[in-house]
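Asker: run.txt is reproduced below (compact mmCIF, C-alpha atoms).
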# COMPACT_ATOMS: atom_id res chain seq x y z
CA MET P 235 72.58 31.79 3.45
CA ASN P 236 75.01 30.18 1.14
CA ARG P 237 74.96 26.48 1.73
CA GLU P 238 78.16 24.49 1.71
CA ASN P 239 79.36 20.89 1.52
CA MET P 240 80.09 19.16 4.80
CA THR P 241 83.39 17.33 5.18
CA GLU P 242 84.40 14.40 7.37
CA THR P 243 85.46 15.43 10.87
CA PRO P 244 89.13 16.39 10.52
CA ALA P 245 91.92 15.63 12.92
CA ALA P 246 93.78 18.35 14.76
CA PRO P 247 95.07 20.85 13.89
CA ALA P 248 91.84 22.55 12.99
CA PRO P 249 91.25 23.06 9.27
CA LYS P 250 89.78 26.13 7.73
CA PRO P 251 85.96 26.22 7.98
CA THR P 252 84.17 24.43 5.18
CA PRO P 253 80.89 25.20 3.50
CA THR P 254 77.93 23.41 5.05
CA VAL P 255 75.49 22.78 2.24
CA PRO P 256 75.62 22.37 -1.49
CA PRO P 257 75.22 25.49 -3.62
CA THR P 258 71.77 26.14 -4.93
CA SER P 259 70.65 27.49 -8.28
CA ALA P 260 67.45 28.88 -6.78
CA PRO P 261 66.76 32.55 -7.50
CA TYR P 262 67.81 35.10 -4.92
CA SER P 263 65.24 35.74 -2.19
CA PRO P 264 65.09 39.43 -1.24
CA ARG P 265 66.33 40.22 2.26
CA LEU P 266 65.67 42.97 4.77
CA ALA P 267 69.40 43.74 4.56
CA ASP P 268 69.28 44.62 0.85
CA GLN P 269 68.31 48.26 1.35
CA ASP P 270 70.49 48.59 4.44
CA LEU P 271 73.52 47.50 2.42
CA GLN P 272 72.81 49.99 -0.35
CA ASP P 273 72.34 52.79 2.17
CA ALA P 274 75.57 51.88 3.98
CA LEU P 275 77.59 51.90 0.76
CA ARG P 276 76.39 55.42 0.01
CA ARG P 277 77.73 56.76 3.30
CA ALA P 278 80.87 54.69 4.04
CA GLY P 279 83.95 53.57 2.17
CA GLY P 280 83.31 49.96 3.12
CA VAL P 281 80.69 47.75 4.73
CA LEU P 282 81.43 44.84 7.05
CA ILE P 283 78.69 42.17 6.97
CA THR P 284 78.80 39.63 9.77
CA GLY P 285 76.54 36.78 10.81
CA PRO P 286 76.34 33.00 11.11
CA LYS P 287 77.64 30.79 8.35
CA ALA P 288 75.25 30.26 5.43
CA CYS P 289 72.79 32.98 6.49
CA GLY P 290 73.06 34.67 3.08
CA LYS P 291 75.76 37.31 3.59
CA THR P 292 77.66 36.51 0.42
CA GLU P 293 74.59 36.23 -1.81
CA THR P 294 73.22 39.52 -0.51
CA ALA P 295 76.57 41.20 -1.16
CA ARG P 296 76.78 39.70 -4.65
CA GLN P 297 73.54 41.42 -5.65
CA ILE P 298 75.36 44.74 -5.58
CA ALA P 299 79.08 43.87 -5.80
CA GLN P 300 80.80 44.50 -9.14
CA SER P 301 83.80 42.23 -8.47
CA THR P 302 84.66 39.52 -5.96
CA LEU P 303 87.69 38.20 -4.08
CA GLN P 304 87.05 34.79 -2.48
CA ALA P 305 89.55 34.95 0.38
CA ASP P 306 88.90 31.45 1.73
CA THR P 307 89.31 29.52 -1.54
CA ASP P 308 91.73 31.49 -3.73
CA PRO P 309 94.91 29.32 -3.72
CA SER P 310 97.18 32.12 -4.90
CA LEU P 311 95.97 34.79 -2.50
CA ALA P 312 98.40 34.12 0.36
CA ARG P 313 101.38 34.45 -1.99
CA GLN P 314 99.91 37.53 -3.63
CA LEU P 315 99.43 39.22 -0.26
CA GLU P 316 103.12 38.68 0.48
CA ILE P 317 104.41 40.11 -2.79
CA LEU P 318 101.84 42.55 -4.22
CA PRO P 319 99.11 42.94 -1.60
CA ASP P 320 97.41 45.88 -3.30
CA LEU P 321 96.50 43.69 -6.27
CA ALA P 322 93.91 41.91 -4.11
CA LEU P 323 91.94 45.13 -3.87
CA GLN P 324 91.88 45.89 -7.58
CA GLY P 325 88.56 45.40 -9.31
CA ALA P 326 85.28 47.12 -10.04
CA THR P 327 83.59 48.63 -7.01
CA PRO P 328 81.99 47.84 -4.75
CA ARG P 329 84.43 44.93 -4.48
CA LEU P 330 83.31 41.98 -2.37
CA ILE P 331 85.99 40.38 -0.17
CA ASP P 332 84.35 37.20 1.08
CA GLU P 333 85.55 35.56 4.33
CA TRP P 334 88.16 38.26 4.74
CA GLN P 335 89.18 37.06 8.21
CA VAL P 336 91.01 34.08 6.66
CA HIS P 337 93.66 36.70 5.75
CA PRO P 338 93.24 39.43 8.41
CA ILE P 339 95.66 41.76 6.61
CA LEU P 340 92.83 42.40 4.12
CA TRP P 341 91.11 44.52 6.77
CA ASP P 342 93.96 46.98 7.14
CA LEU P 343 94.73 46.94 3.41
CA SER P 344 91.15 47.87 2.55
CA ARG P 345 91.06 50.50 5.28
CA HIS P 346 94.18 52.18 3.90
CA GLU P 347 92.78 51.98 0.37
CA ILE P 348 89.55 53.65 1.51
CA ASP P 349 91.63 56.46 2.99
CA ARG P 350 93.52 56.81 -0.28
CA ARG P 351 90.50 56.78 -2.60
CA ARG P 352 88.28 59.01 -0.44
CA GLU P 353 85.12 57.63 -2.06
CA PRO P 354 82.16 55.76 -0.55
CA GLY P 355 81.10 52.29 -1.64
CA GLN P 356 84.52 50.74 -2.27
CA PHE P 357 84.44 47.41 -0.43
CA ILE P 358 82.06 44.88 1.09
CA LEU P 359 83.73 42.54 3.58
CA THR P 360 81.85 39.45 4.73
CA GLY P 361 82.77 37.00 7.47
CA SER P 362 81.29 34.21 9.59
CA THR P 363 83.77 34.67 12.44
CA ALA P 364 84.24 37.71 14.63
CA PRO P 365 87.94 38.62 14.52
CA GLY P 366 89.87 38.19 17.73
CA ALA P 367 91.96 40.79 19.44
CA GLY P 368 94.89 41.75 17.27
CA ALA P 369 93.42 40.31 14.08
CA ALA P 370 93.32 43.80 12.65
CA LYS P 371 95.36 46.80 13.69
CA HIS P 372 92.54 49.31 13.47
CA SER P 373 88.83 49.19 14.28
CA GLY P 374 87.85 50.71 10.96
CA ALA P 375 85.89 53.48 12.67
CA GLY P 376 84.97 56.15 10.17
CA ARG P 377 85.74 53.88 7.22
CA PHE P 378 83.41 50.90 7.62
CA ALA P 379 79.70 50.69 8.25
CA ARG P 380 78.62 47.50 10.00
CA LEU P 381 75.71 45.29 9.06
CA THR P 382 74.63 42.15 10.89
CA MET P 383 72.67 39.47 9.06
CA GLY P 384 70.97 36.37 10.36
CA THR P 385 68.80 33.58 9.09
CA MET P 386 65.63 34.53 7.28
CA THR P 387 62.68 35.92 9.21
CA PHE P 388 59.10 34.70 8.80
CA LEU P 389 58.59 37.82 6.69
CA GLU P 390 61.45 36.91 4.35
CA THR P 391 60.35 33.30 3.90
CA GLY P 392 56.78 34.37 3.11
CA HIS P 393 55.23 33.07 6.33
CA SER P 394 54.05 36.57 7.26
CA ASP P 395 51.86 38.72 5.03
CA ALA P 396 53.26 41.89 6.69
CA THR P 397 49.85 43.55 6.96
CA ILE P 398 50.89 45.15 10.26
CA SER P 399 54.14 47.12 10.30
CA LEU P 400 56.30 47.04 13.41
CA HIS P 401 57.59 50.53 12.66
CA GLU P 402 54.08 51.89 12.15
CA LEU P 403 53.03 50.36 15.46
CA ALA P 404 55.93 52.16 17.12
CA LYS P 405 54.79 55.45 15.61
CA SER P 406 51.13 55.00 16.54
CA ALA P 407 49.56 57.60 18.79
CA PRO P 408 47.88 56.58 22.06
CA GLY P 409 44.36 55.43 21.24
CA GLU P 410 45.18 54.69 17.62
CA GLU P 411 43.89 51.27 16.59
CA ILE P 412 45.01 48.74 14.02
CA ALA P 413 42.46 47.38 11.58
CA PRO P 414 41.51 43.77 12.41
CA HIS P 415 43.31 41.16 10.33
CA ALA P 416 43.28 37.39 10.23
CA SER P 417 46.36 35.34 9.43
CA ARG P 418 46.54 32.31 7.19
CA LEU P 419 49.36 30.94 9.34
CA THR P 420 48.34 28.04 11.59
CA ILE P 421 50.01 26.56 14.65
CA PRO P 422 51.10 23.46 12.65
CA ASP P 423 52.53 25.83 10.02
CA ILE P 424 54.60 27.55 12.71
CA ALA P 425 55.85 24.20 14.02
CA GLN P 426 56.93 23.17 10.53
CA ARG P 427 58.70 26.49 9.93
CA LEU P 428 60.49 26.40 13.29
CA ALA P 429 61.84 22.93 12.52
CA PHE P 430 62.72 23.89 8.95
CA GLY P 431 64.68 27.03 9.84
CA GLY P 432 65.53 30.18 7.96
CA TRP P 433 68.60 29.26 5.90
CA PRO P 434 68.23 30.42 2.30
CA GLY P 435 70.00 27.29 1.08
CA ASN P 436 67.21 25.14 2.52
CA LEU P 437 64.50 26.84 0.49
CA GLY P 438 62.94 24.34 -1.87
CA LEU P 439 64.01 21.32 0.18
CA THR P 440 61.68 18.91 1.93
CA ALA P 441 61.19 19.23 5.68
CA LYS P 442 63.24 16.07 6.19
CA GLN P 443 66.11 17.38 4.06
CA ALA P 444 66.12 20.73 5.87
CA THR P 445 66.12 19.02 9.27
CA GLU P 446 69.04 16.82 8.24
CA ASN P 447 70.94 19.89 7.02
CA ASN P 448 70.31 21.59 10.36
CA ARG P 449 71.74 18.59 12.22
CA ASP P 450 74.75 18.54 9.90
CA TYR P 451 75.22 22.23 10.61
CA LEU P 452 75.47 21.47 14.34
CA GLU P 453 77.95 18.67 13.70
CA THR P 454 80.16 21.04 11.71
CA ILE P 455 79.98 23.64 14.47
CA ALA P 456 81.11 21.11 17.06
CA ALA P 457 83.81 19.45 14.96
CA VAL P 458 85.22 22.33 12.92
CA ASP P 459 83.82 25.83 13.22
CA ILE P 460 84.19 26.33 16.97
CA ARG P 461 87.97 25.97 16.52
CA VAL P 462 88.20 28.65 13.87
CA PRO P 463 88.20 31.90 15.91
CA ASP P 464 91.47 31.12 17.69
CA ASP P 465 92.63 27.84 16.09
CA THR P 466 92.14 26.04 19.41
CA TYR P 467 90.93 22.45 19.65
CA ARG P 468 87.70 21.95 21.59
CA ASP P 469 86.26 18.52 22.27
CA PRO P 470 83.36 18.05 19.79
CA GLN P 471 81.44 15.85 22.24
CA ARG P 472 81.62 18.54 24.92
CA VAL P 473 80.56 21.17 22.42
CA LYS P 474 77.57 19.05 21.42
CA ARG P 475 76.56 18.62 25.06
CA LEU P 476 76.62 22.38 25.47
CA LEU P 477 74.58 22.90 22.30
CA VAL P 478 71.96 20.45 23.61
CA ALA P 479 71.82 22.30 26.94
CA LEU P 480 71.44 25.63 25.15
CA ALA P 481 68.69 24.10 23.03
CA ARG P 482 66.75 22.96 26.10
CA GLY P 483 67.04 26.43 27.57
CA VAL P 484 66.44 28.41 24.39
CA GLY P 485 64.58 31.62 25.12
CA THR P 486 65.17 31.35 28.88
CA GLU P 487 67.54 32.84 31.45
CA VAL P 488 69.55 29.65 31.88
CA THR P 489 72.71 30.52 33.79
CA THR P 490 76.30 29.46 33.27
CA SER P 491 76.10 27.42 36.47
CA VAL P 492 73.07 25.50 35.21
CA LEU P 493 74.72 24.91 31.84
CA ALA P 494 77.82 23.62 33.62
CA ARG P 495 75.75 21.25 35.74
CA ASP P 496 73.75 19.98 32.77
CA THR P 497 76.86 19.35 30.66
CA ASP P 498 79.21 18.12 33.39
CA LEU P 499 81.66 20.87 32.40
CA SER P 500 83.33 23.49 34.56
CA ARG P 501 81.89 26.98 34.54
CA ASP P 502 85.14 28.30 33.07
CA THR P 503 84.89 25.80 30.21
CA VAL P 504 81.26 26.72 29.59
CA ARG P 505 82.14 30.42 29.49
CA GLU P 506 85.02 29.79 27.09
CA TYR P 507 82.87 27.63 24.80
CA LEU P 508 80.04 30.17 24.88
CA ASP P 509 82.48 32.91 23.90
CA SER P 510 83.70 30.84 20.95
CA LEU P 511 80.14 30.03 19.88
CA ALA P 512 79.30 33.73 20.08
CA ARG P 513 82.28 34.60 17.88
CA ILE P 514 80.87 32.38 15.13
CA PHE P 515 77.41 33.91 15.75
CA VAL P 516 75.83 30.64 16.92
CA ALA P 517 75.21 31.43 20.60
CA GLN P 518 73.43 34.74 21.09
CA ASN P 519 72.39 36.53 24.26
CA GLN P 520 69.29 38.67 24.69
CA SER P 521 70.52 41.24 27.18
CA ALA P 522 68.50 42.50 30.11
CA TRP P 523 66.98 45.93 29.58
CA ARG P 524 67.85 49.01 31.60
CA PRO P 525 65.05 51.58 31.31
CA HIS P 526 67.32 54.53 32.07
CA LEU P 527 70.87 55.03 33.25
CA ARG P 528 69.56 56.84 36.34
CA SER P 529 66.71 54.42 36.95
CA ARG P 530 66.40 52.88 40.39
CA VAL P 531 63.87 50.30 39.24
CA PRO P 532 65.37 46.95 40.29
CA LEU P 533 65.68 44.73 37.22
CA ARG P 534 67.48 41.43 36.91
CA GLU P 535 70.52 41.37 34.65
CA THR P 536 70.65 37.71 33.54
CA PRO P 537 70.50 37.41 29.73
CA LYS P 538 68.23 35.03 27.87
CA ARG P 539 69.95 32.44 25.69
CA HIS P 540 69.26 31.96 22.00
CA LEU P 541 70.85 30.17 19.07
CA ALA P 542 71.35 31.66 15.61
CA ASP P 543 68.05 30.12 14.52
CA PRO P 544 65.46 28.29 16.66
CA ALA P 545 65.71 25.41 14.20
CA LEU P 546 69.13 24.67 15.66
CA ALA P 547 67.49 24.11 19.04
CA VAL P 548 64.96 21.78 17.43
CA ALA P 549 67.73 19.92 15.60
CA ALA P 550 69.95 19.64 18.68
CA LEU P 551 67.16 17.82 20.49
CA HIS P 552 66.50 15.57 17.46
CA ALA P 553 62.97 16.97 17.28
CA ASP P 554 60.73 17.89 14.37
CA ALA P 555 57.41 19.63 13.81
CA ASP P 556 55.43 16.75 15.28
CA ALA P 557 57.63 16.74 18.37
CA LEU P 558 56.99 20.47 18.84
CA LEU P 559 53.24 19.93 18.64
CA GLY P 560 53.61 17.24 21.29
CA ASP P 561 55.64 19.44 23.67
CA LEU P 562 53.90 22.79 23.87
CA GLU P 563 56.23 24.14 26.55
CA PHE P 564 59.31 23.76 24.36
CA PHE P 565 57.27 24.84 21.32
CA GLY P 566 56.50 28.06 23.18
CA GLN P 567 60.18 28.61 23.98
CA ALA P 568 61.18 28.12 20.34
CA PHE P 569 58.36 30.40 19.17
CA GLU P 570 59.44 33.15 21.55
CA SER P 571 63.02 32.78 20.31
CA GLN P 572 61.83 33.17 16.71
CA VAL P 573 59.82 36.28 17.55
CA VAL P 574 62.84 37.84 19.27
CA HIS P 575 65.03 36.90 16.28
CA ASP P 576 62.61 38.51 13.83
CA LEU P 577 61.97 41.62 15.92
CA GLY P 578 65.69 42.32 15.91
CA PHE P 579 66.09 42.14 12.15
CA MET P 580 62.83 43.93 11.37
CA SER P 581 63.56 46.79 13.78
CA ARG P 582 67.33 46.94 13.08
CA GLN P 583 67.69 47.42 16.83
CA GLU P 584 68.84 45.32 19.74
CA VAL P 585 66.02 43.43 21.43
CA TYR P 586 66.15 43.20 25.22
CA HIS P 587 64.11 41.37 27.81
CA ALA P 588 63.09 42.63 31.25
CA ARG P 589 62.30 41.00 34.56
CA GLY P 590 61.78 42.94 37.75
CA ALA P 591 62.64 41.80 41.26
CA ASP P 592 58.90 41.74 41.90
CA GLY P 593 58.34 39.15 39.15
CA LEU P 594 57.00 41.51 36.49
CA GLU P 595 58.53 40.64 33.14
CA VAL P 596 58.43 41.45 29.44
CA ASP P 597 59.57 39.01 26.77
CA ALA P 598 60.95 41.65 24.41
CA VAL P 599 61.79 45.34 24.69
CA VAL P 600 62.87 47.28 21.62
CA GLU P 601 63.38 50.99 21.02
CA ILE P 602 62.00 52.13 17.65
CA SER P 603 61.61 55.71 16.42
CA GLY P 604 62.06 57.05 19.94
CA ARG P 605 59.34 54.80 21.36
CA THR P 606 59.70 51.83 23.65
CA VAL P 607 57.82 48.77 22.43
CA LEU P 608 57.03 46.18 25.11
CA VAL P 609 56.16 42.74 23.75
CA GLU P 610 54.69 39.63 25.33
CA VAL P 611 54.90 36.47 23.20
CA LYS P 612 52.17 33.84 23.42
CA LEU P 613 51.86 30.81 21.18
CA GLY P 614 48.17 30.55 22.04
CA SER P 615 45.51 33.16 21.30
CA SER P 616 42.63 32.37 23.66
CA ASP P 617 40.90 35.24 25.44
CA VAL P 618 42.36 34.12 28.76
CA THR P 619 45.89 33.95 27.34
CA ILE P 620 45.64 37.40 25.77
CA ASP P 621 43.99 38.94 28.86
CA THR P 622 46.80 37.62 31.06
CA ALA P 623 49.51 38.88 28.73
CA ALA P 624 47.89 42.31 28.40
CA THR P 625 47.54 42.60 32.18
CA HIS P 626 51.24 41.79 32.64
CA LEU P 627 52.25 44.37 30.04
CA GLN P 628 50.12 47.06 31.64
CA ALA P 629 51.47 46.29 35.11
CA PHE P 630 55.04 46.51 33.85
CA ALA P 631 54.27 49.72 31.95
CA ARG P 632 52.73 51.35 35.01
CA ARG P 633 55.86 50.66 37.00
CA TYR P 634 57.97 51.82 34.09
CA LEU P 635 56.00 55.06 33.81
CA GLU P 636 55.74 55.69 37.55
CA ALA P 637 59.52 55.54 37.74
CA GLY P 638 59.63 58.47 35.33
CA ASN P 639 61.72 56.64 32.77
CA THR P 640 60.07 57.79 29.57
CA ARG P 641 58.57 60.88 27.99
CA HIS P 642 56.28 58.81 25.79
CA ALA P 643 53.90 56.04 26.71
CA PRO P 644 55.31 52.69 25.62
CA VAL P 645 53.60 50.70 22.88
CA LEU P 646 52.17 47.47 24.30
CA VAL P 647 51.98 44.46 21.99
CA VAL P 648 50.97 40.83 22.47
CA VAL P 649 52.36 38.67 19.64
CA THR P 650 50.39 35.45 19.21
CA GLY P 651 50.75 32.33 17.12
CA GLY P 652 47.30 32.57 15.60
CA GLY P 653 43.90 34.20 15.75
CA LEU P 654 43.15 37.81 14.88
CA SER P 655 45.24 40.96 14.98
CA TYR P 656 43.41 43.89 16.55
CA THR P 657 43.61 46.58 19.22
CA ARG P 658 41.92 45.92 22.55
CA PRO P 659 39.76 48.58 24.24
CA ASP P 660 42.57 49.09 26.79
CA GLY P 661 44.96 50.05 23.96
CA VAL P 662 47.05 46.87 23.93
CA HIS P 663 47.73 45.70 20.37
CA VAL P 664 47.30 42.00 19.64
CA VAL P 665 49.29 40.96 16.57
CA THR P 666 49.38 37.45 15.20
CA PHE P 667 52.89 36.59 14.03
CA GLY P 668 51.67 35.79 10.53
CA ASN P 669 50.64 39.45 10.13
CA LEU P 670 53.78 41.09 11.52
CA GLY P 671 56.07 42.92 9.13
CA ALA P 672 58.82 45.49 9.31
Just give me the structure as C-alpha cells.
Answerer:
Amino acid sequence: MNRENMTETPAAPAPKPTPTVPPTSAPYSPRLADQDLQDALRRAGGVLITGPKACGKTETARQIAQSTLQADTDPSLARQLEILPDLALQGATPRLIDEWQVHPILWDLSRHEIDRRREPGQFILTGSTAPGAGAAKHSGAGRFARLTMGTMTFLETGHSDATISLHELAKSAPGEEIAPHASRLTIPDIAQRLAFGGWPGNLGLTAKQATENNRDYLETIAAVDIRVPDDTYRDPQRVKRLLVALARGVGTEVTTSVLARDTDLSRDTVREYLDSLARIFVAQNQSAWRPHLRSRVPLRETPKRHLADPALAVAALHADADALLGDLEFFGQAFESQVVHDLGFMSRQEVYHARGADGLEVDAVVEISGRTVLVEVKLGSSDVTIDTAATHLQAFARRYLEAGNTRHAPVLVVVTGGGLSYTRPDGVHVVTFGNLGA
C-alpha cells in the first residue's frame, strides 16, 4: 500500500480523501497481483485495480506503467478535462490513471480511447472508492479487466515459507499425501503479525509505529474517507462505534440487528454505514456458500463480517500482540479472518463460509481448479483440536456428497497456527499457516 499523510479532521463539507501515511523509500515488495496485472493487460484494453486505501495498488501499477496521471493531486486536471479532455490520456502505455474516480469522466474517456485504439494494455485505472451509480456511463464490459487488491498476505510479508501450495492441494488426487513440514512461525509471531497488519507502507516500522498507523487509518476512515463515496457527512463518532462493533465480531456472523444494538444506532443507519464502508473496501462480507443452485441442503445465509485487514480489528479495540495472547478467543477470530483474507488472494477466488441448519459448519469454502476446498481454521494444533476439526469437515463433506452436489470429492484442510503440516490417515490435510502458499 502507498502510505499517506494524515490531516486534521476537516469540517463539512467533506474534503477529498487524503493519504494516510508518509511515502516510503523502501524497495518494492513483490505482490501476488503482479502477474495477474501483466496477464490482464495482455488481454484487455484497460485494467481497473480496486482495493482499500494504501494496500499497494498504485505501487503495483507503477512497476509496469510507462506514464502516470495523478488524478487526485494534479491541480490543472479539472480545467484540462473541460477544454481538451483527450490530453489527459496521452502518454506512453500502459498509462496509469491513479484515483480516477476523483474525475469520473476519465472512465468514459479511457473506454472510448480503448475502442479507438483497438489495442490491449492501454490504461491502468486505480481507485480506493467504488464508484456510485451514475459515476460512469458505461460498465466497461469488454474493455476493462478487473483486479482486486488487498493488504499483504502472510506469504507476501515473508511469514509463510510457501512449502505447501494451495493450488496443488486443490489438484491432489484422493489418497495423495503432502510431505510433512514444520513451520518456523510461532503463535507469538502470528500475534505480532496480526497486530502489525499487511500494509506495505508499514514494512520496516516498529510494532508500535505500525499499530499507531493502523489507529490513524481508522480515524481517517471515520472522519474523512467514509464521506467520499457520495459526499455525505456521517458522524465520525458513530462510525467509530460501528468499527469497534465490527472489530469485536470480526470473523463471525454478527447481524445488522446486533450491530445496531451494540452501537445504539438504527438498523437503517447501520446498513447505510456498512454500505459506505464497503464502497471504500473497509467492511467486507464473507458470503454464505450455496453448494448447488438446485441443492435442497438447508444452509444459513448470514454472511461473516471482516475488515480490510485483521489489524484494523486489533487497532479498533486498542489491542496489541500481548492483548491477543491474553484473549485467545478474539485471537482465534482474528486468525480466522487472516486465513480467509489470504485464501482469497492466493486462490484469486471468492471465499465463502457454510453453516447448516443442523449445526455443521465450515470456516472457508473456495472453488479452485474445479475442486471444492473445505477449510477449518484452528489457532491451536493439539491432537484433540485437529481431530475435532477433521471430524467436523468429514461430517460436512458426507452431507455435501450425499446431497449429490459434486462430481469430485472435496479437499479437506485444517489450517493451524503451528505444529506440523501433514496428511492424516483419513485423508484430511493439516497445514500450518506458516507453510501455506499460493
Asker: Please determine, counting only C-alpha atoms, which residue among P:Ile339, P:Ile424, P:Ala542, P:Leu303 has the shortest atom-to-atom distance to Met383 in chain P.
Answerer: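 Using only C-alpha atoms, Met383 in chain P sits closest to P:Ala542.
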Asker: Compile a residue-level contact table for range 514-579 of chain P against range 584-590 of chain P at a cut-off of 6 Å, reporting for every qualifying residue the shortest atom pair and its distance in Å to one decimal, with all atoms listed in the file counted, rows ordered by chain and ascending number, as JSON lines.
Answerer:
{"residue": "P:Gln520", "atom": "CA", "partner": "P:Tyr586", "partner_atom": "CA", "distance": 5.5}
{"residue": "P:Ser521", "atom": "CA", "partner": "P:Tyr586", "partner_atom": "CA", "distance": 5.2}
{"residue": "P:Ala522", "atom": "CA", "partner": "P:His587", "partner_atom": "CA", "distance": 5.1}
{"residue": "P:Trp523", "atom": "CA", "partner": "P:Tyr586", "partner_atom": "CA", "distance": 5.2}
{"residue": "P:Pro532", "atom": "CA", "partner": "P:Gly590", "partner_atom": "CA", "distance": 6.0}
{"residue": "P:Leu533", "atom": "CA", "partner": "P:Gly590", "partner_atom": "CA", "distance": 4.3}
{"residue": "P:Arg534", "atom": "CA", "partner": "P:Arg589", "partner_atom": "CA", "distance": 5.7}
{"residue": "P:Gly578", "atom": "CA", "partner": "P:Val585", "partner_atom": "CA", "distance": 5.6}
Asker: Contacts of range 270-286 of chain P at 6 Å or less, counting only C-alpha atoms, minus same-chain residues fewer than 2 places along, as a PyMOL selection string?
Answerer: chain P and resi 267-268+289+348+353-362+377-384+515
Asker: What would the list of residues within 10 Å of (62.4, 23.1, 6.9) (file frame) look like as a VMD selection string, if all atoms listed in the file are what count?
Answerer: chain P and resid 425 to 433 436 to 448 545 554 to 555
Asker: Using CA of Ser263 in chain P and CA of Asp576 in chain P as the two end points, give the distance in Å to one decimal.
Answerer: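 Distance between the two atoms: 16.5 Å.
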Asker: Env of Ser406 in chain P: 12 Å cut, atoms = all atoms listed in the file, seq-sep filter 5 positions within chain, self excluded. Answer as a list in words.
Answerer: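 Neighbouring residues, sequence-local ones excluded: Ile398, Ser399, Leu400, His401, Glu411, Ile412, Ile602, Ser603, Gly604, Arg605, Thr606, Val607, His642, Ala643, Pro644, Val645, Leu646, Val647, Thr657, Gly661, Val662 and His663 of chain P.
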Asker: For range 260-328 of chain P against range 340-346 of chain P, with a cut-off of 12 Å and counting all atoms listed in the file, what is the closest atom pair and its distance in Å to one decimal for every residue that makes the cut, ordered by chain and number, as CSV?
Answerer:
residue,atom,partner,partner_atom,distance
P:Ala278,CA,P:Arg345,CA,11.1
P:Gly279,CA,P:Arg345,CA,8.3
P:Gly280,CA,P:Arg345,CA,8.1
P:Val281,CA,P:Ser344,CA,10.7
P:Leu282,CA,P:Trp341,CA,9.7
P:Leu303,CA,P:Leu340,CA,10.5
P:Gln304,CA,P:Leu340,CA,11.6
P:Ala305,CA,P:Leu340,CA,9.0
P:Asp306,CA,P:Leu340,CA,11.9
P:Leu311,CA,P:Leu340,CA,10.6
P:Ala312,CA,P:Leu340,CA,10.7
P:Gln314,CA,P:Leu340,CA,11.6
P:Leu315,CA,P:Leu340,CA,8.5
P:Glu316,CA,P:Leu340,CA,11.5
P:Leu318,CA,P:Leu343,CA,11.3
P:Pro319,CA,P:Leu343,CA,7.8
P:Asp320,CA,P:Leu343,CA,7.3
P:Leu321,CA,P:Leu343,CA,10.4
P:Ala322,CA,P:Leu340,CA,8.3
P:Leu323,CA,P:Ser344,CA,7.0
P:Gln324,CA,P:Ser344,CA,10.3
P:Pro328,CA,P:Ser344,CA,11.7
Asker: Please, what distance in Å, to one decimal, runs between CA of Asp469 in chain P and CA of Arg495 in chain P?
Answerer: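 Straight-line distance from CA of Asp469 in chain P to CA of Arg495 in chain P works out to 17.3 Å.
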Asker: Determine the nearest neighbour of Val665 in chain P from the options P:Lys612, P:Arg461, P:His575, P:Lys287, counting all atoms listed in the file.
Answerer: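 So, comparing all the options, the nearest one is P:Lys612.
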Asker: Take range 278-291 of chain P, bring it up to N, CA and C atoms, and give me the output as a PDB file, keeping the file's coordinate frame.
Answerer:
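The result, stored in selection.pdb:
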ATOM      1  N   ALA P 278      79.590  55.165   3.487  1.00  0.00           N
ATOM      2  CA  ALA P 278      80.870  54.690   4.040  1.00  0.00           C
ATOM      3  C   ALA P 278      81.730  54.101   2.938  1.00  0.00           C
ATOM      4  N   GLY P 279      83.035  54.136   3.159  1.00  0.00           N
ATOM      5  CA  GLY P 279      83.950  53.570   2.170  1.00  0.00           C
ATOM      6  C   GLY P 279      83.833  52.068   2.053  1.00  0.00           C
ATOM      7  N   GLY P 280      83.474  51.408   3.144  1.00  0.00           N
ATOM      8  CA  GLY P 280      83.310  49.960   3.120  1.00  0.00           C
ATOM      9  C   GLY P 280      82.205  49.534   4.059  1.00  0.00           C
ATOM     10  N   VAL P 281      81.715  48.323   3.858  1.00  0.00           N
ATOM     11  CA  VAL P 281      80.690  47.750   4.730  1.00  0.00           C
ATOM     12  C   VAL P 281      81.163  46.380   5.184  1.00  0.00           C
ATOM     13  N   LEU P 282      81.116  46.148   6.478  1.00  0.00           N
ATOM     14  CA  LEU P 282      81.430  44.840   7.050  1.00  0.00           C
ATOM     15  C   LEU P 282      80.119  44.132   7.357  1.00  0.00           C
ATOM     16  N   ILE P 283      79.892  42.979   6.713  1.00  0.00           N
ATOM     17  CA  ILE P 283      78.690  42.170   6.970  1.00  0.00           C
ATOM     18  C   ILE P 283      79.110  40.946   7.768  1.00  0.00           C
ATOM     19  N   THR P 284      78.509  40.785   8.940  1.00  0.00           N
ATOM     20  CA  THR P 284      78.800  39.630   9.770  1.00  0.00           C
ATOM     21  C   THR P 284      77.520  38.846  10.037  1.00  0.00           C
ATOM     22  N   GLY P 285      77.688  37.619  10.495  1.00  0.00           N
ATOM     23  CA  GLY P 285      76.540  36.780  10.810  1.00  0.00           C
ATOM     24  C   GLY P 285      76.921  35.319  10.709  1.00  0.00           C
ATOM     25  N   PRO P 286      76.030  34.430  11.128  1.00  0.00           N
ATOM     26  CA  PRO P 286      76.340  33.000  11.110  1.00  0.00           C
ATOM     27  C   PRO P 286      76.576  32.474   9.709  1.00  0.00           C
ATOM     28  N   LYS P 287      77.347  31.409   9.637  1.00  0.00           N
ATOM     29  CA  LYS P 287      77.640  30.790   8.350  1.00  0.00           C
ATOM     30  C   LYS P 287      76.349  30.422   7.627  1.00  0.00           C
ATOM     31  N   ALA P 288      76.340  30.672   6.316  1.00  0.00           N
ATOM     32  CA  ALA P 288      75.250  30.260   5.430  1.00  0.00           C
ATOM     33  C   ALA P 288      73.956  31.028   5.648  1.00  0.00           C
ATOM     34  N   CYS P 289      74.021  32.202   6.292  1.00  0.00           N
ATOM     35  CA  CYS P 289      72.790  32.980   6.490  1.00  0.00           C
ATOM     36  C   CYS P 289      72.467  33.864   5.290  1.00  0.00           C
ATOM     37  N   GLY P 290      73.350  33.906   4.288  1.00  0.00           N
ATOM     38  CA  GLY P 290      73.060  34.670   3.080  1.00  0.00           C
ATOM     39  C   GLY P 290      73.896  35.915   2.886  1.00  0.00           C
ATOM     40  N   LYS P 291      74.944  36.097   3.688  1.00  0.00           N
ATOM     41  CA  LYS P 291      75.760  37.310   3.590  1.00  0.00           C
ATOM     42  C   LYS P 291      76.354  37.482   2.203  1.00  0.00           C
TER      43      LYS P 291
END
